[in-house]
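Participant: Once you've had a glance at the structure underneath, I'll fire off some questions.
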Amino acid sequence: MFDIVNGSASGSNQWLNILLLFAAVGRVYLEIIKFDFAGLPLTKGMFNGNSEQAKKFHRTGLMLSLGYIVLSAPFTLFA
């Protein structure tokens with residue numbers, strides 16, 4: 001039976017969880033090396049040069065990535 005909530009029951013979400021975990025770790029790594037997210041062309045286009053809104057937007061992305069790592073890493077690694 002397919003159960004999308006419980007990934008360990010059928011293994012249906014295991015590879016997706018691993019892929020998203022690597023993406024979140026990559027996002028945190030880019031923050032550690034001080035990558036300038038506000039300098040990206042898409043960010044400039046979204047916020048029309050308003051760097052404060054862009055920094056808030058990318059800070060929220062960092063918090064979501066950290067939350068995903070903290071909440072899903074133990075279950076993905078020990079499953």
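Just so we're on the same page: first chain in the structure tokens is A, next is B, and so on; residues restart at 1 for each chain, and ligands are numbered from 1 in the order they show up.
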So that I can see what lies close to Gln53 (chain A), please list as a PyMOL selection string the residues with an atom at most 12 Å from it, counting only C-alpha atoms and leaving out residues fewer than 4 positions away in the same chain.

Facilitator: chain A and resi 37-38+43-44+46-49+57-60

Participant: Counting only C-alpha atoms, what is within 7 Å of region 62-69 of chain A, bar same-chain residues fewer than 4 positions away, as a short mmCIF file (atom, residue, chain, number, x, y, z; two decimals) with C-alpha atoms, in the first residue's frame?

Facilitator:
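See out11.cif below for the written result:
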data_model
loop_
_atom_site.label_atom_id
_atom_site.label_comp_id
_atom_site.auth_asym_id
_atom_site.auth_seq_id
_atom_site.Cartn_x
_atom_site.Cartn_y
_atom_site.Cartn_z
CA LEU A 21 18.33 16.87 2.24
CA ALA A 24 19.18 21.89 1.99
CA ARG A 27 21.86 25.88 0.61
CA VAL A 28 23.43 26.09 4.07
CA HIS A 58 16.75 34.47 1.36
CA ALA A 73 18.01 14.15 8.72
#

Participant: So that I can check the secondary structure, give me every residue of chain A assigned helix (DSSP H, G or I) by backbone DSSP, as a ChimeraX atom specification.

Facilitator: /A:7-10,14-32,37-39,41-47,51-77

Participant: Given the choices A:Phe35, A:Ala23, A:Asn13, A:Ile18, which gets closest to Pro74 (chain A) if the distance is worked out from only C-alpha atoms?

Facilitator: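 Under the stated criterion, the closest residue is A:Ile18.
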